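Participant: Just so it is clear, I am handing over final.csv, which has CSV, C-alpha atoms and all ligand atoms.
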```
chain,number,residue,atom,x,y,z
S,270,MET,CA,17.9,-23.6,-11.7
S,271,ASN,CA,15.1,-22.2,-9.7
S,272,GLU,CA,13.0,-20.2,-12.2
S,273,GLU,CA,11.0,-18.5,-9.4
S,274,ALA,CA,14.1,-17.3,-7.7
S,275,LEU,CA,15.5,-16.1,-11.0
S,276,GLN,CA,12.4,-14.1,-11.8
S,277,LYS,CA,12.3,-12.7,-8.2
S,278,ALA,CA,16.0,-11.6,-8.5
S,279,LEU,CA,15.2,-9.9,-11.8
S,280,SER,CA,12.1,-8.2,-10.7
S,281,GLU,CA,13.7,-7.0,-7.5
S,282,THR,CA,17.2,-6.3,-8.8
S,283,GLN,CA,19.4,-5.0,-6.0
S,284,ASN,CA,22.4,-2.6,-6.2
S,285,LEU,CA,22.1,-1.9,-9.9
S,286,GLY,CA,24.2,1.1,-11.1
S,287,GLU,CA,27.5,2.8,-10.9
S,288,MET,CA,28.9,3.8,-7.5
S,289,PRO,CA,30.8,7.1,-7.9
S,290,ASP,CA,32.5,6.9,-4.5
S,291,ALA,CA,33.6,3.3,-4.7
S,292,ASP,CA,36.9,2.1,-3.4
S,293,ALA,CA,37.4,-0.4,-6.1
S,294,VAL,CA,35.9,-1.6,-9.4
S,295,GLY,CA,36.4,-4.8,-11.4
S,296,THR,CA,35.2,-5.6,-14.9
S,297,VAL,CA,35.2,-9.0,-16.6
S,298,GLY,CA,33.9,-10.0,-20.0
S,299,SER,CA,33.0,-13.5,-21.1
S,300,PRO,CA,34.3,-14.7,-24.5
S,301,ASP,CA,31.6,-17.4,-24.4
S,302,CYS,CA,28.9,-14.9,-25.1
S,303,GLY,CA,30.4,-11.4,-25.2
S,304,ASP,CA,28.6,-10.4,-22.1
S,305,MET,CA,30.2,-8.2,-19.5
S,306,VAL,CA,29.8,-7.3,-15.8
S,307,ARG,CA,31.3,-4.5,-13.8
S,308,LEU,CA,31.2,-4.5,-10.0
S,309,TRP,CA,32.0,-1.6,-7.5
S,310,ILE,CA,32.9,-2.1,-3.9
S,311,LYS,CA,32.9,0.3,-0.9
S,312,TYR,CA,34.5,-0.6,2.4
S,313,ARG,CA,34.0,0.5,5.9
S,314,GLU,CA,35.5,-0.2,9.3
S,315,LYS,CA,33.6,-2.4,11.7
S,316,ASP,CA,35.0,-3.6,15.0
S,317,GLY,CA,38.6,-2.8,13.8
S,318,ARG,CA,38.1,-4.8,10.6
S,319,LYS,CA,37.6,-3.6,7.1
S,320,VAL,CA,34.4,-5.0,5.7
S,321,ILE,CA,32.4,-4.5,2.5
S,322,ASP,CA,29.9,-1.8,3.2
S,323,LYS,CA,28.1,-2.0,-0.1
S,324,ALA,CA,28.6,-3.2,-3.7
S,325,SER,CA,26.9,-2.4,-6.9
S,326,PHE,CA,27.0,-3.6,-10.5
S,327,GLN,CA,26.3,-3.0,-14.1
S,328,SER,CA,25.8,-5.8,-16.5
S,329,PHE,CA,25.7,-5.9,-20.2
S,330,GLY,CA,24.7,-9.5,-20.2
S,331,CYS,CA,22.1,-12.1,-19.8
S,332,GLN,CA,19.4,-12.4,-17.2
S,333,THR,CA,21.3,-15.0,-15.2
S,334,ALA,CA,24.4,-12.8,-14.9
S,335,ILE,CA,22.1,-9.9,-13.7
S,336,ALA,CA,20.4,-12.1,-11.2
S,337,VAL,CA,23.7,-13.6,-9.9
S,338,ALA,CA,25.3,-10.1,-9.7
S,339,SER,CA,22.2,-8.8,-7.8
S,340,ILE,CA,22.4,-11.6,-5.3
S,341,ALA,CA,26.2,-11.5,-5.0
S,342,THR,CA,26.2,-7.8,-4.2
S,343,GLU,CA,23.9,-8.5,-1.3
S,344,LEU,CA,25.7,-11.6,-0.1
S,345,ILE,CA,29.1,-9.9,0.2
S,346,ARG,CA,27.9,-7.1,2.4
S,347,GLY,CA,29.6,-7.1,5.8
S,348,LYS,CA,32.3,-9.6,4.7
S,349,THR,CA,36.0,-8.9,4.8
S,350,LYS,CA,38.0,-9.0,1.6
S,351,GLU,CA,39.3,-12.4,2.4
S,352,GLU,CA,35.9,-13.8,3.1
S,353,ALA,CA,34.6,-12.4,-0.2
S,354,LEU,CA,37.5,-13.7,-2.1
S,355,ALA,CA,36.8,-17.2,-0.8
S,356,MET,CA,33.3,-17.1,-2.4
S,357,LYS,CA,33.0,-19.1,-5.6
S,358,ALA,CA,30.4,-18.7,-8.4
S,359,ASP,CA,28.4,-21.5,-6.7
S,360,ASP,CA,28.2,-19.6,-3.5
S,361,LEU,CA,27.3,-16.3,-5.2
S,362,SER,CA,24.4,-18.0,-7.2
S,363,ARG,CA,23.2,-20.4,-4.5
S,364,PRO,CA,19.8,-18.8,-4.0
S,365,LEU,CA,19.1,-19.6,-7.7
S,366,GLY,CA,19.9,-23.3,-7.3
S,367,ALA,CA,22.4,-25.1,-9.5
S,368,LEU,CA,22.9,-23.3,-12.8
S,369,PRO,CA,22.5,-25.3,-16.0
S,370,PRO,CA,25.8,-26.1,-17.8
S,371,MET,CA,25.3,-23.4,-20.4
S,372,LYS,CA,24.8,-20.8,-17.7
S,373,ILE,CA,27.7,-21.7,-15.5
S,374,HIS,CA,29.9,-19.1,-17.1
S,375,CYS,CA,27.4,-16.4,-16.2
S,376,GLY,CA,28.1,-17.0,-12.5
S,377,GLN,CA,31.8,-17.3,-13.1
S,378,MET,CA,31.7,-14.0,-14.8
S,379,VAL,CA,30.3,-12.4,-11.7
S,380,GLU,CA,32.8,-14.2,-9.5
S,381,GLY,CA,35.6,-12.9,-11.9
S,382,ALA,CA,34.3,-9.3,-11.6
S,383,LEU,CA,34.1,-9.6,-7.8
S,384,LYS,CA,37.7,-10.9,-7.6
S,385,ALA,CA,38.9,-8.2,-10.0
S,386,ALA,CA,37.4,-5.5,-7.8
S,387,LEU,CA,38.7,-7.1,-4.5
S,388,GLU,CA,42.2,-7.4,-6.0
S,389,ALA,CA,42.1,-4.0,-7.6
S,390,GLU,CA,41.5,-2.4,-4.3
S,391,ALA,CA,44.6,-4.2,-2.9
S,392,ALA,CA,46.7,-3.0,-5.7
S,393,GLU,CA,45.5,0.6,-5.5
S,394,LYS,CA,45.8,0.7,-1.7
S,395,LYS,CA,42.9,3.2,-1.8
S,396,ALA,CA,45.4,6.0,-2.6
S,397,ALA,CA,44.2,6.3,-6.1
S,398,PRO,CA,40.5,5.6,-6.4
S,399,ILE,CA,39.6,4.5,-9.9
S,400,GLU,CA,37.8,7.5,-11.5
S,401,ALA,CA,35.7,8.0,-14.5
S,402,PRO,CA,35.2,4.5,-15.6
S,403,SER,CA,33.5,5.8,-18.7
S,404,GLN,CA,36.7,7.4,-20.0
S,405,ALA,CA,38.0,6.1,-23.3
S,406,GLY,CA,40.5,3.4,-22.7
S,407,THR,CA,39.5,2.7,-19.1
S,408,LEU,CA,37.3,-0.2,-20.0
S,409,ALA,CA,39.9,-1.8,-22.0
S,410,ASP,CA,42.4,-1.3,-19.2
S,411,ALA,CA,40.0,-2.8,-16.7
S,412,LEU,CA,39.3,-5.8,-19.0
S,413,SER,CA,42.9,-6.4,-19.5
S,414,ALA,CA,43.6,-6.2,-15.7
S,415,ALA,CA,40.7,-8.4,-14.9
S,416,GLY,CA,41.9,-10.9,-17.4
S,417,LYS,CA,45.1,-11.4,-15.5
S,418,THR,CA,43.2,-12.2,-12.3
S,419,ALA,CA,39.9,-13.6,-13.3
S,420,GLY,CA,41.1,-17.1,-13.6
S,421,LYS,CA,38.3,-18.9,-15.3
S,422,VAL,CA,37.2,-16.0,-17.5
S,423,LYS,CA,39.2,-15.2,-20.5
S,424,ILE,CA,39.3,-11.8,-22.0
S,425,VAL,CA,39.5,-11.4,-25.8
S,426,MET,CA,40.7,-8.0,-26.9
S,427,GLN,CA,40.3,-6.6,-30.3
S,428,PRO,CA,43.7,-6.0,-32.0
S,429,PRO,CA,44.5,-2.3,-32.4
S,430,THR,CA,43.3,-1.0,-35.8
S,431,THR,CA,46.3,1.3,-36.3
S,432,ALA,CA,50.0,0.8,-35.5
S,433,SER,CA,51.9,3.8,-34.2
G,1,LIG,FE1,26.9,-15.1,-21.0
G,1,LIG,FE2,25.1,-15.3,-19.3
G,1,LIG,S1,25.0,-16.0,-21.3
G,1,LIG,S2,26.9,-14.2,-19.1
```
What does the file become when written as structure tokens?
Facilitator:
Amino acid sequence: MNEEALQKALSETQNLGEMPDADAVGTVGSPDCGDMVRLWIKYREKDGRKVIDKASFQSFGCQTAIAVASIATELIRGKTKEEALAMKADDLSRPLGALPPMKIHCGQMVEGALKAALEAEAAEKKAAPIEAPSQAGTLADALSAAGKTAGKVKIVMQPPTTAS
């Protein structure tokens, strides 16, 4: 991994923060470390195609995940959903160089959040924008939904404490 590129991505973090008018949001947690990343996407029309206008993220995770998310939210701008879906963790973290084995899941977590957001938008058909991601239960729902689509990232949910 390129330490210089990592430090640059961390000192000039791009697109950090919630996006209230997003078209889609995806959240994925990593059972390897308990970290989590949430990614918002906004689309626009360009030459008759729907492309990603902008993306933003929040990360409750390590520096590598923050750096990859920062880079990824820049890399996917202007891409169609299909083009963005084709991007793997390696593509999203390329400017950082090859991630060491213990950091590979950090990139995969960002890839999982991106895929969850892209696929969430398809499911929602934009008719029902996801609102108030901070509401109780929403995060658990998002994690659960992301777990079905994230592929390489498994979600571990706490069992409910009470039975109704
Ligand atoms: Fe888990 Fe980086 S150490 S996301």
Participant: For CA of Glu351 in chain S and CA of Asp292 in chain S, quote the distance in Å rounded to one decimal.
Facilitator: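 Computing the Euclidean distance for CA of Glu351 in chain S and CA of Asp292 in chain S yields 15.8 Å.
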Participant: Throw together the list of residues within 6 Å of ligand LIG 1 (chain G), counting only C-alpha atoms and all ligand atoms, and drop it here as an mmCIF file with C-alpha atoms, in the coordinates of the input.
Facilitator:
```
data_model
loop_
_atom_site.group_PDB
_atom_site.id
_atom_site.type_symbol
_atom_site.label_atom_id
_atom_site.label_comp_id
_atom_site.auth_asym_id
_atom_site.auth_seq_id
_atom_site.Cartn_x
_atom_site.Cartn_y
_atom_site.Cartn_z
ATOM 1 C CA CYS S 302 28.900 -14.900 -25.100
ATOM 2 C CA ASP S 304 28.600 -10.400 -22.100
ATOM 3 C CA GLY S 330 24.700 -9.500 -20.200
ATOM 4 C CA CYS S 331 22.100 -12.100 -19.800
ATOM 5 C CA THR S 333 21.300 -15.000 -15.200
ATOM 6 C CA ALA S 334 24.400 -12.800 -14.900
ATOM 7 C CA LYS S 372 24.800 -20.800 -17.700
ATOM 8 C CA CYS S 375 27.400 -16.400 -16.200
#
```
Participant: Quick one: residues within 12 Å of range 361-371 of chain S, all atoms listed in the file, excluding same-chain residues fewer than 4 positions away - as a PyMOL selection string?
Facilitator: chain S and resi 270-279+301-302+331-346+353-357+375-384
Participant: What does the distance from CA of Arg313 in chain S to CA of Gly347 in chain S come to in Å, to one decimal?
Facilitator: 8.8 Å
Participant: So which one's closest to Leu387 in chain S, S:Ser299, S:Asn284, S:Ser328, S:Thr349? Using all atoms listed in the file, please.
Facilitator: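 Among S:Ser299, S:Asn284, S:Ser328, S:Thr349, it is S:Thr349 that comes nearest to Leu387 in chain S.
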